[in-house]
$ cat input11.txt   # compact mmCIF, C-alpha atoms (C1' of nucleotides)
# COMPACT_ATOMS: atom_id res chain seq x y z
CA MET A 1 16.50 86.86 65.88
CA LYS A 2 18.22 84.89 63.16
CA LYS A 3 21.10 83.03 64.69
CA ALA A 4 24.37 82.55 62.86
CA ARG A 5 23.55 79.83 60.41
CA TYR A 6 26.04 77.94 58.34
CA HIS A 7 24.02 78.54 55.21
CA HIS A 8 23.07 82.06 54.42
CA GLY A 9 19.74 81.81 52.68
CA ASP A 10 20.16 84.17 49.76
CA LEU A 11 23.81 84.97 49.61
CA ARG A 12 23.77 85.94 45.98
CA ALA A 13 21.35 88.80 46.52
CA ALA A 14 23.06 89.78 49.75
CA LEU A 15 26.41 90.06 47.97
CA ILE A 16 24.97 92.21 45.21
CA GLU A 17 23.41 94.53 47.75
CA ALA A 18 26.58 94.70 49.83
CA ALA A 19 28.63 95.37 46.72
CA ARG A 20 26.18 98.03 45.59
CA LEU A 21 26.57 99.91 48.84
CA LEU A 22 30.33 99.62 48.78
CA VAL A 23 30.56 100.72 45.16
CA GLU A 24 28.41 103.70 46.00
CA GLN A 25 30.61 104.56 48.95
CA ASN A 26 34.09 104.03 47.53
CA GLY A 27 33.71 103.59 43.80
CA ALA A 28 33.85 100.36 41.84
CA GLU A 29 37.61 100.50 41.52
CA ARG A 30 38.02 100.21 45.27
CA LEU A 31 35.59 97.38 45.78
CA THR A 32 37.24 94.27 47.16
CA MET A 33 35.79 90.83 47.42
CA SER A 34 37.02 90.82 50.99
CA ASP A 35 34.92 93.83 51.88
CA ALA A 36 31.86 92.53 50.10
CA SER A 37 32.23 89.18 51.84
CA ARG A 38 32.71 90.83 55.20
CA ALA A 39 29.65 93.01 54.68
CA ALA A 40 27.57 89.97 53.77
CA GLY A 41 28.93 88.10 56.77
CA VAL A 42 30.58 85.24 54.93
CA SER A 43 34.11 84.10 54.23
CA THR A 44 36.06 85.50 51.32
CA ALA A 45 35.72 82.30 49.33
CA ALA A 46 31.95 82.08 49.50
CA PRO A 47 31.16 84.60 46.73
CA TYR A 48 32.91 82.42 44.19
CA ARG A 49 30.03 79.94 44.39
CA TYR A 50 27.89 82.60 42.72
CA PHE A 51 30.26 84.80 40.78
CA HIS A 52 33.12 83.59 38.68
CA ASP A 53 35.23 86.56 39.69
CA LYS A 54 35.02 90.11 40.95
CA ASP A 55 34.01 91.45 37.57
CA ALA A 56 31.04 89.12 37.50
CA LEU A 57 29.84 90.54 40.80
CA LEU A 58 30.27 94.06 39.47
CA ASP A 59 28.36 93.09 36.35
CA ALA A 60 25.48 91.98 38.54
CA VAL A 61 25.50 95.30 40.37
CA ALA A 62 25.52 97.13 37.05
CA LEU A 63 22.64 95.07 35.72
CA GLU A 64 20.55 95.79 38.77
CA GLY A 65 21.35 99.47 38.45
CA LEU A 66 20.39 99.56 34.79
CA GLU A 67 17.02 98.11 35.64
CA ARG A 68 16.38 100.65 38.38
CA GLN A 69 17.37 103.50 36.12
CA ARG A 70 15.12 102.20 33.40
CA GLN A 71 12.20 102.06 35.79
CA ALA A 72 12.85 105.63 36.89
CA MET A 73 12.92 106.81 33.29
CA LEU A 74 9.81 104.89 32.44
CA GLN A 75 7.94 106.38 35.35
CA ALA A 76 9.15 109.90 34.60
CA GLY A 77 8.00 109.64 31.00
CA ALA A 78 4.63 108.21 31.92
CA ALA A 79 3.77 111.36 33.84
CA HIS A 80 3.44 113.26 30.60
CA PRO A 81 1.61 112.82 27.29
CA LEU A 82 3.14 110.11 25.16
CA GLY A 83 5.64 111.58 22.75
CA SER A 84 5.48 115.07 24.21
CA GLU A 85 8.50 117.30 24.66
CA ALA A 86 7.76 117.24 28.39
CA ALA A 87 7.98 113.45 28.43
CA VAL A 88 11.32 113.44 26.65
CA SER A 89 12.65 116.10 28.95
CA ALA A 90 11.44 114.26 32.03
CA ILE A 91 13.16 111.09 30.91
CA GLY A 92 16.40 112.95 30.47
CA HIS A 93 16.06 114.52 33.86
CA ALA A 94 15.42 111.14 35.44
CA TYR A 95 18.55 109.80 33.76
CA ILE A 96 20.65 112.55 35.30
CA ASP A 97 18.94 112.25 38.65
CA PHE A 98 19.87 108.61 38.81
CA ALA A 99 23.44 109.40 37.87
CA THR A 100 23.87 112.02 40.55
CA ALA A 101 22.03 110.03 43.18
CA GLU A 102 24.10 106.91 42.59
CA ARG A 103 27.27 108.11 41.00
CA GLY A 104 29.28 105.04 41.90
CA VAL A 105 26.81 102.62 40.38
CA PHE A 106 26.19 104.87 37.40
CA LYS A 107 29.85 105.04 36.48
CA LEU A 108 30.08 101.31 36.90
CA MET A 109 27.07 100.79 34.65
CA PHE A 110 28.33 102.83 31.76
CA SER A 111 32.03 103.08 31.96
CA GLN A 112 33.61 100.59 34.29
CA THR A 113 32.22 97.34 33.08
CA ARG A 114 34.59 95.84 30.58
CA THR A 115 32.85 96.42 27.28
CA HIS A 116 29.21 95.62 27.89
CA GLY A 117 29.38 93.54 24.77
CA ARG A 118 30.90 90.78 26.81
CA SER A 119 27.74 90.33 28.83
CA PRO A 120 24.64 89.66 26.75
CA GLU A 121 22.44 90.54 29.72
CA LEU A 122 23.99 93.97 30.16
CA LEU A 123 23.74 94.61 26.46
CA GLN A 124 20.09 93.62 26.39
CA LYS A 125 19.23 95.71 29.43
CA GLY A 126 21.02 98.65 27.91
CA LYS A 127 18.94 98.36 24.77
CA GLU A 128 15.78 98.26 26.83
CA THR A 129 16.78 101.43 28.64
CA PHE A 130 17.57 103.26 25.42
CA GLY A 131 14.27 101.91 24.16
CA VAL A 132 12.38 103.94 26.75
CA LEU A 133 13.55 107.08 25.02
CA LEU A 134 13.21 105.69 21.51
CA SER A 135 9.60 104.69 21.94
CA GLN A 136 8.71 108.23 22.97
CA LEU A 137 10.47 109.62 19.94
CA ALA A 138 8.85 107.06 17.68
CA HIS A 139 5.41 108.02 18.91
CA ARG A 140 6.26 111.65 18.49
CA GLU A 141 7.33 111.30 14.91
CA GLY A 142 5.05 108.48 13.94
CA GLY A 143 7.80 106.04 13.03
CA SER A 144 9.55 102.98 14.37
CA PRO A 145 12.23 102.96 17.07
CA ASN A 146 14.39 101.28 14.48
CA ASP A 147 14.27 104.13 11.98
CA PRO A 148 17.76 105.55 11.65
CA PRO A 149 16.61 109.19 11.94
CA ILE A 150 14.84 108.41 15.18
CA ARG A 151 17.81 106.54 16.55
CA THR A 152 20.07 109.41 15.62
CA ARG A 153 17.84 111.88 17.40
CA GLY A 154 17.80 109.54 20.35
CA LEU A 155 21.58 109.49 20.32
CA ARG A 156 21.72 113.29 20.38
CA LEU A 157 19.51 113.44 23.44
CA TRP A 158 21.26 110.55 25.15
CA THR A 159 24.63 112.09 24.42
CA PHE A 160 23.62 115.29 26.15
CA VAL A 161 22.22 113.84 29.34
CA HIS A 162 25.04 111.31 29.47
CA GLY A 163 27.65 114.02 29.16
CA LEU A 164 25.99 116.22 31.73
CA SER A 165 25.73 113.28 34.11
CA PHE A 166 29.46 112.69 33.91
CA LEU A 167 30.40 116.32 34.22
CA LEU A 168 28.20 116.59 37.27
CA ILE A 169 29.30 113.48 39.10
CA ASP A 170 32.95 114.15 38.34
CA ASP A 171 32.53 117.64 39.74
CA LYS A 172 33.56 119.43 36.58
CA VAL A 173 30.60 121.78 36.53
CA SER A 174 31.38 123.11 39.97
CA ALA A 175 35.14 123.07 39.37
CA MET A 176 34.70 125.22 36.28
CA GLU A 177 32.43 127.55 38.21
CA ILE A 178 29.55 127.31 35.79
CA PRO A 179 26.14 128.43 36.99
CA LEU A 180 23.56 125.74 36.35
CA ASP A 181 19.83 125.32 36.60
CA LEU A 182 19.55 121.64 35.86
CA SER A 183 15.87 121.59 34.89
CA GLU A 184 16.32 124.57 32.61
CA MET A 185 19.43 123.02 31.10
CA VAL A 186 17.68 119.77 30.28
CA ALA A 187 14.57 121.48 28.98
CA ASP A 188 16.64 123.75 26.76
CA ALA A 189 18.65 120.91 25.29
CA THR A 190 15.51 118.86 24.71
CA ARG A 191 13.91 121.74 22.88
CA ARG A 192 16.95 122.28 20.68
CA PHE A 193 17.31 118.63 19.78
CA LEU A 194 13.64 118.05 19.07
CA GLN A 195 13.63 120.86 16.53
CA ASP A 196 13.71 119.80 12.93
CA SER A 197 16.87 121.77 12.36
CA MET B 198 74.80 101.81 23.41
CA LYS B 199 73.92 102.92 26.90
CA LYS B 200 74.99 100.20 29.26
CA ALA B 201 72.89 99.27 32.27
CA ARG B 202 73.55 102.14 34.62
CA TYR B 203 72.63 102.25 38.25
CA HIS B 204 71.03 105.65 37.82
CA HIS B 205 68.44 106.03 35.16
CA GLY B 206 68.78 109.60 33.96
CA ASP B 207 65.18 110.74 33.80
CA LEU B 208 63.19 108.11 35.54
CA ARG B 209 60.27 110.36 36.33
CA ALA B 210 59.52 111.02 32.67
CA ALA B 211 60.18 107.41 31.77
CA LEU B 212 57.69 106.23 34.35
CA ILE B 213 55.00 108.60 33.12
CA GLU B 214 55.51 107.43 29.56
CA ALA B 215 55.50 103.78 30.56
CA ALA B 216 52.37 104.30 32.62
CA ARG B 217 50.72 106.16 29.76
CA LEU B 218 51.26 103.24 27.42
CA LEU B 219 50.05 100.73 29.97
CA VAL B 220 46.97 102.78 30.80
CA GLU B 221 46.19 103.01 27.14
CA GLN B 222 46.59 99.28 26.73
CA ASN B 223 44.82 97.96 29.79
CA GLY B 224 42.97 100.84 31.35
CA ALA B 225 43.96 102.83 34.40
CA GLU B 226 42.29 100.40 36.77
CA ARG B 227 44.65 97.64 35.70
CA LEU B 228 47.84 99.63 35.93
CA THR B 229 50.25 98.25 38.51
CA MET B 230 53.36 99.88 39.83
CA SER B 231 55.12 96.62 39.17
CA ASP B 232 54.32 96.78 35.47
CA ALA B 233 55.26 100.42 35.19
CA SER B 234 58.54 99.77 36.98
CA ARG B 235 59.29 96.78 34.82
CA ALA B 236 58.58 98.76 31.67
CA ALA B 237 60.90 101.51 32.81
CA GLY B 238 63.55 98.98 33.72
CA VAL B 239 63.80 99.72 37.41
CA SER B 240 62.85 98.00 40.63
CA THR B 241 59.36 98.28 42.04
CA ALA B 242 60.48 100.61 44.80
CA ALA B 243 62.13 103.19 42.57
CA PRO B 244 58.96 105.01 41.49
CA TYR B 245 58.26 106.03 45.05
CA ARG B 246 61.17 108.47 44.89
CA TYR B 247 59.08 110.49 42.44
CA PHE B 248 55.48 109.62 43.17
CA HIS B 249 53.96 109.34 46.60
CA ASP B 250 51.74 106.50 45.49
CA LYS B 251 50.12 104.98 42.44
CA ASP B 252 47.47 107.66 42.26
CA ALA B 253 50.17 110.31 42.04
CA LEU B 254 51.65 108.59 39.02
CA LEU B 255 48.23 108.39 37.42
CA ASP B 256 47.67 112.07 38.16
CA ALA B 257 50.86 112.83 36.25
CA VAL B 258 49.67 110.80 33.28
CA ALA B 259 46.33 112.63 33.39
CA LEU B 260 48.02 116.00 33.54
CA GLU B 261 50.16 115.22 30.56
CA GLY B 262 47.10 114.03 28.67
CA LEU B 263 45.15 117.17 29.48
CA GLU B 264 47.94 119.27 28.07
CA ARG B 265 48.10 117.28 24.85
CA GLN B 266 44.35 117.46 24.42
CA ARG B 267 44.42 121.19 25.01
CA GLN B 268 47.08 121.63 22.35
CA ALA B 269 45.02 119.59 19.90
CA MET B 270 41.97 121.74 20.57
CA LEU B 271 43.96 124.95 20.26
CA GLN B 272 45.38 123.89 16.96
CA ALA B 273 42.02 122.77 15.62
CA GLY B 274 40.42 126.05 16.55
CA ALA B 275 43.24 128.11 15.09
CA ALA B 276 42.55 126.67 11.65
CA HIS B 277 39.35 128.70 11.45
CA PRO B 278 38.33 132.31 11.96
CA LEU B 279 38.32 133.33 15.60
CA GLY B 280 34.89 132.90 17.08
CA SER B 281 33.42 131.21 14.03
CA GLU B 282 31.03 128.31 14.17
CA ALA B 283 33.62 126.29 12.28
CA ALA B 284 36.20 126.97 14.96
CA VAL B 285 33.88 125.87 17.75
CA SER B 286 32.92 122.77 15.83
CA ALA B 287 36.55 121.93 15.12
CA ILE B 288 37.44 122.22 18.78
CA GLY B 289 34.65 119.84 19.66
CA HIS B 290 35.76 117.42 17.02
CA ALA B 291 39.34 117.54 18.30
CA TYR B 292 38.07 116.82 21.81
CA ILE B 293 36.32 113.69 20.61
CA ASP B 294 39.22 112.66 18.42
CA PHE B 295 41.51 112.74 21.40
CA ALA B 296 39.06 110.70 23.44
CA THR B 297 38.70 107.99 20.85
CA ALA B 298 42.40 107.92 20.01
CA GLU B 299 43.42 107.59 23.65
CA ARG B 300 40.45 106.19 25.43
CA GLY B 301 42.40 104.90 28.40
CA VAL B 302 44.07 108.22 29.11
CA PHE B 303 40.90 110.15 28.40
CA LYS B 304 38.87 108.20 30.90
CA LEU B 305 41.64 108.61 33.41
CA MET B 306 41.73 112.34 32.81
CA PHE B 307 38.06 112.98 33.34
CA SER B 308 36.61 110.21 35.36
CA GLN B 309 39.21 108.12 37.10
CA THR B 310 41.24 110.70 38.86
CA ARG B 311 40.12 111.21 42.43
CA THR B 312 38.10 114.39 42.09
CA HIS B 313 40.39 116.77 40.23
CA GLY B 314 39.76 119.25 42.96
CA ARG B 315 42.29 117.45 45.10
CA SER B 316 45.10 118.24 42.69
CA PRO B 317 45.52 121.97 42.06
CA GLU B 318 47.55 121.27 38.93
CA LEU B 319 44.87 119.10 37.37
CA LEU B 320 42.21 121.65 38.24
CA GLN B 321 44.25 124.46 36.70
CA LYS B 322 44.98 122.50 33.54
CA GLY B 323 41.32 121.63 33.24
CA LYS B 324 40.38 125.28 33.42
CA GLU B 325 42.89 126.10 30.72
CA THR B 326 41.42 123.44 28.47
CA PHE B 327 37.87 124.67 28.99
CA GLY B 328 39.27 128.13 28.38
CA VAL B 329 40.15 127.21 24.81
CA LEU B 330 36.46 126.88 24.07
CA LEU B 331 35.40 129.81 26.22
CA SER B 332 37.72 132.27 24.51
CA GLN B 333 36.22 131.37 21.15
CA LEU B 334 32.73 131.91 22.50
CA ALA B 335 33.72 135.16 24.15
CA HIS B 336 35.10 136.47 20.89
CA ARG B 337 32.01 135.36 19.12
CA GLU B 338 29.64 137.15 21.42
CA GLY B 339 31.89 140.01 22.36
CA GLY B 340 31.98 139.28 26.05
CA SER B 341 34.28 137.85 28.68
CA PRO B 342 34.95 134.14 29.26
CA ASN B 343 33.71 134.81 32.77
CA ASP B 344 30.25 135.93 31.76
CA PRO B 345 27.74 133.41 33.05
CA PRO B 346 25.81 133.19 29.76
CA ILE B 347 29.01 132.38 27.91
CA ARG B 348 30.06 129.80 30.46
CA THR B 349 26.63 128.23 30.26
CA ARG B 350 26.84 128.01 26.50
CA GLY B 351 30.30 126.53 26.88
CA LEU B 352 28.91 123.94 29.24
CA ARG B 353 26.24 122.94 26.73
CA LEU B 354 28.84 122.36 24.04
CA TRP B 355 31.26 120.63 26.38
CA THR B 356 28.48 118.43 27.69
CA PHE B 357 27.68 117.24 24.22
CA VAL B 358 31.18 116.36 23.06
CA HIS B 359 31.96 114.89 26.47
CA GLY B 360 28.92 112.67 26.34
CA LEU B 361 29.58 111.58 22.81
CA SER B 362 33.18 110.80 23.69
CA PHE B 363 32.08 108.48 26.46
CA LEU B 364 29.38 106.80 24.44
CA LEU B 365 31.89 106.18 21.68
CA ILE B 366 34.77 104.87 23.75
CA ASP B 367 32.49 102.70 25.83
CA ASP B 368 31.08 101.24 22.64
CA LYS B 369 27.50 102.29 23.32
CA VAL B 370 26.93 103.83 19.92
CA SER B 371 27.82 100.64 18.13
CA ALA B 372 26.09 98.44 20.69
CA MET B 373 22.85 100.36 20.20
CA GLU B 374 23.27 100.11 16.44
CA ILE B 375 23.02 103.81 15.81
CA PRO B 376 24.24 105.12 12.48
CA LEU B 377 26.68 107.95 12.99
CA ASP B 378 28.51 110.48 10.88
CA LEU B 379 30.73 112.01 13.52
CA SER B 380 31.54 115.24 11.69
CA GLU B 381 27.91 115.80 10.83
CA MET B 382 26.91 115.02 14.41
CA VAL B 383 29.32 117.53 15.89
CA ALA B 384 28.49 120.19 13.31
CA ASP B 385 24.78 119.73 13.93
CA ALA B 386 25.10 120.00 17.68
CA THR B 387 27.34 123.04 17.40
CA ARG B 388 24.81 124.75 15.17
CA ARG B 389 21.96 124.01 17.55
CA PHE B 390 23.81 125.21 20.61
CA LEU B 391 25.16 128.36 19.04
CA GLN B 392 21.67 129.46 18.14
CA ASP B 393 20.10 132.09 20.36
CA SER B 394 17.46 129.61 21.40
C1' DA C 395 12.02 58.06 59.81
C1' DC C 396 16.66 58.47 58.09
C1' DG C 397 20.76 58.47 55.66
C1' DA C 398 23.26 59.75 51.52
C1' DC C 399 24.51 63.29 48.54
C1' DG C 400 24.62 67.66 46.33
C1' DA C 401 24.56 72.47 47.46
C1' DT C 402 26.68 75.83 50.07
C1' DG C 403 29.81 77.35 53.21
C1' DT C 404 34.90 77.49 55.60
C1' DT C 405 39.93 77.22 56.12
C1' DA C 406 44.44 77.19 54.06
C1' DG C 407 47.45 78.59 50.74
C1' DA C 408 49.71 80.28 46.18
C1' DA C 409 50.61 84.14 43.49
C1' DC C 410 50.39 88.93 43.07
C1' DC C 411 50.48 93.91 44.49
C1' DA C 412 51.40 98.56 47.22
C1' DA C 413 54.15 100.69 50.13
C1' DT C 414 57.99 101.17 53.49
C1' DA C 415 62.64 100.47 55.63
C1' DA C 416 67.22 99.51 55.44
C1' DC C 417 70.94 99.24 52.50
C1' DA C 418 73.88 100.22 48.02
C1' DT C 419 75.75 103.10 44.52
C1' DC C 420 76.67 107.01 42.09
C1' DG C 421 78.05 111.83 40.98
C1' DG C 422 78.80 116.58 41.98
C1' DT C 423 81.13 119.73 45.01
C1' DA C 424 84.30 121.62 49.18
C1' DT D 425 89.87 113.38 46.48
C1' DA D 426 86.62 112.21 49.75
C1' DC D 427 82.27 113.07 51.37
C1' DC D 428 77.31 113.21 51.21
C1' DG D 429 72.88 113.73 49.27
C1' DA D 430 70.25 111.92 45.45
C1' DT D 431 68.70 107.88 43.40
C1' DG D 432 68.41 103.08 43.04
C1' DT D 433 67.87 98.01 45.12
C1' DT D 434 66.55 94.23 48.23
C1' DA D 435 63.68 92.57 51.80
C1' DT D 436 59.53 92.63 54.25
C1' DT D 437 54.72 93.52 55.76
C1' DG D 438 50.06 93.44 55.07
C1' DG D 439 46.43 93.13 51.82
C1' DT D 440 44.33 91.23 47.51
C1' DT D 441 42.20 87.50 44.21
C1' DC D 442 41.21 83.05 43.43
C1' DT D 443 41.59 77.85 44.02
C1' DA D 444 41.69 73.44 46.47
C1' DA D 445 40.47 70.61 50.04
C1' DC D 446 37.43 70.08 53.66
C1' DA D 447 32.92 70.87 56.61
C1' DT D 448 28.08 71.34 57.20
C1' DC D 449 23.47 71.40 56.07
C1' DG D 450 18.91 70.24 54.26
C1' DT D 451 16.29 67.69 51.16
C1' DC D 452 14.70 63.58 48.75
C1' DG D 453 14.22 58.59 47.93
C1' DT D 454 13.42 54.50 50.24
$ encode --input "input11.txt" --output "structure tokens"
Amino acid sequence: MKKARYHHGDLRAALIEAARLLVEQNGAERLTMSDASRAAGVSTAAPYRYFHDKDALLDAVALEGLERQRQAMLQAGAAHPLGSEAAVSAIGHAYIDFATAERGVFKLMFSQTRTHGRSPELLQKGKETFGVLLSQLAHREGGSPNDPPIRTRGLRLWTFVHGLSFLLIDDKVSAMEIPLDLSEMVADATRRFLQDS
Amino acid sequence: MKKARYHHGDLRAALIEAARLLVEQNGAERLTMSDASRAAGVSTAAPYRYFHDKDALLDAVALEGLERQRQAMLQAGAAHPLGSEAAVSAIGHAYIDFATAERGVFKLMFSQTRTHGRSPELLQKGKETFGVLLSQLAHREGGSPNDPPIRTRGLRLWTFVHGLSFLLIDDKVSAMEIPLDLSEMVADATRRFLQDS
DNA sequence: ACGACGATGTTAGAACCAATAACATCGGTA
DNA sequence: TACCGATGTTATTGGTTCTAACATCGTCGT
């Protein structure tokens, strides 16, 4: 229907979506502006109207991914009583599910964007995502998400699901021939870390 | 002393070392064959006598890193009674120490090498490294490193130190403003995971 | 209505990189 | 000693990022 127009309409969003698909297919390190431009149907110079450089485009993909992951975690937690072990476990499972479902974007989000600190938006979105877990823990223990003990417990849980995500998407679990029931693994770790040692 | 010779002597090793330093400085994704060649003092075509392509050079750097990390873990474990909680904890700590001391190489080793499975040497070396932990657990529980329950427990511990390594080197812990006593963190996790649930 | 102008796109090109081919040099061995 | 294979170099091709100069469009003021 839509004929080839000189102006695209919403090139910025189209580039992010094209880049997202390419990152998912080949990994962020193999993304080229040429490919993204081609996929969006524009010349290779067009993206620079919206993104200062390739890293800026990747940052946008990462930001969008962070938001989607946060939504998934939020939804997973909401299916259980606030502050319950089941809620915490479900959030962790959702984290890993996102990682394995979108390994390219996940790795970009957490490990291939040059020090999140450089982008205030990424940093902020990251805090919001971590906050999904923290608020559950805070409710559980009747404190504030800013309490150091709660943040430390949050780190323990995050550390575990983060590590498992990487081992899974980098195929270490299968390479090391380790039997794994993911749900059981997450539930077990959640239980151990929620204990008052 | 040594004048500029046409032949290098041990170019292969020199290239790996040069690449290692560059990876550590700029990250594997920014390594160029040009830079590595320049650092080794040869032309940009010379490396191709020893490495099929850039990925092959990076694989060599990763392999060398895996071996060094394995040695560090072995040594850390040997400082404690075989199969003790302290030994397991020390191995985990050594794992993280390596990651934070050589973040560029560490990320290359575990997450930026095209699916270890493709390189039999990397896969083998990875198994040996995981074996350092497994043999401690096997001694502890009086079983074989191949027993599924032992491998699963190994995965739990690996998952944790792996996750913490990534969160640390990608600056998430500091970005999220989480207080952290690394030794305490590792000891705590070890204790929790060595418990019989 | 309509025309100017800013926003958004294109084409051309400079600087860089990976990888290969053709050529040069060295050193060990018959 | 003279050859020849191993190890380097130079030159080239095709691809990359990013910028500059130019083209087109649509919207807003008159």
$ interface_residues --input "input11.txt" --of "chain D" --to "chain A" --cutoff "8 Å" --atoms "only C-alpha atoms (C1' of nucleotides)" --output "VMD selection string"
chain D and resid 440 to 442 448 to 449
$ closest_atom_pairs --input "input11.txt" --of "chain B" --to "chain A" --cutoff "6 Å" --atoms "only C-alpha atoms" --output "Markdown table"
| residue | atom | partner | partner_atom | distance |
| --- | --- | --- | --- | --- |
| B:Arg348 | CA | A:Ile178 | CA | 5.9 |
| B:Thr356 | CA | A:Gly163 | CA | 4.7 |
| B:Phe357 | CA | A:Phe160 | CA | 4.9 |
| B:His359 | CA | A:Gly163 | CA | 5.2 |
| B:Gly360 | CA | A:Gly163 | CA | 3.4 |
| B:Leu361 | CA | A:Thr159 | CA | 5.2 |
| B:Ile375 | CA | A:Arg151 | CA | 5.9 |
$ interface_residues --input "input11.txt" --of "chain C" --to "chain B" --cutoff "10 Å" --atoms "only C-alpha atoms (C1' of nucleotides)" --output "list in words"
DC410, DC411, DA412, DA413, DT414, DT419, DC420 and DG421 of chain C
$ atom_distance --input "input11.txt" --atom1 "atom CA of B:Ala384" --atom2 "atom CA of B:Ala273"
14.0 Å
$ atom_distance --input "input11.txt" --atom1 "atom CA of B:Leu391" --atom2 "atom CA of A:Tyr95"
24.6 Å
$ atom_distance --input "input11.txt" --atom1 "atom CA of B:Pro342" --atom2 "atom CA of B:Met270"
16.7 Å
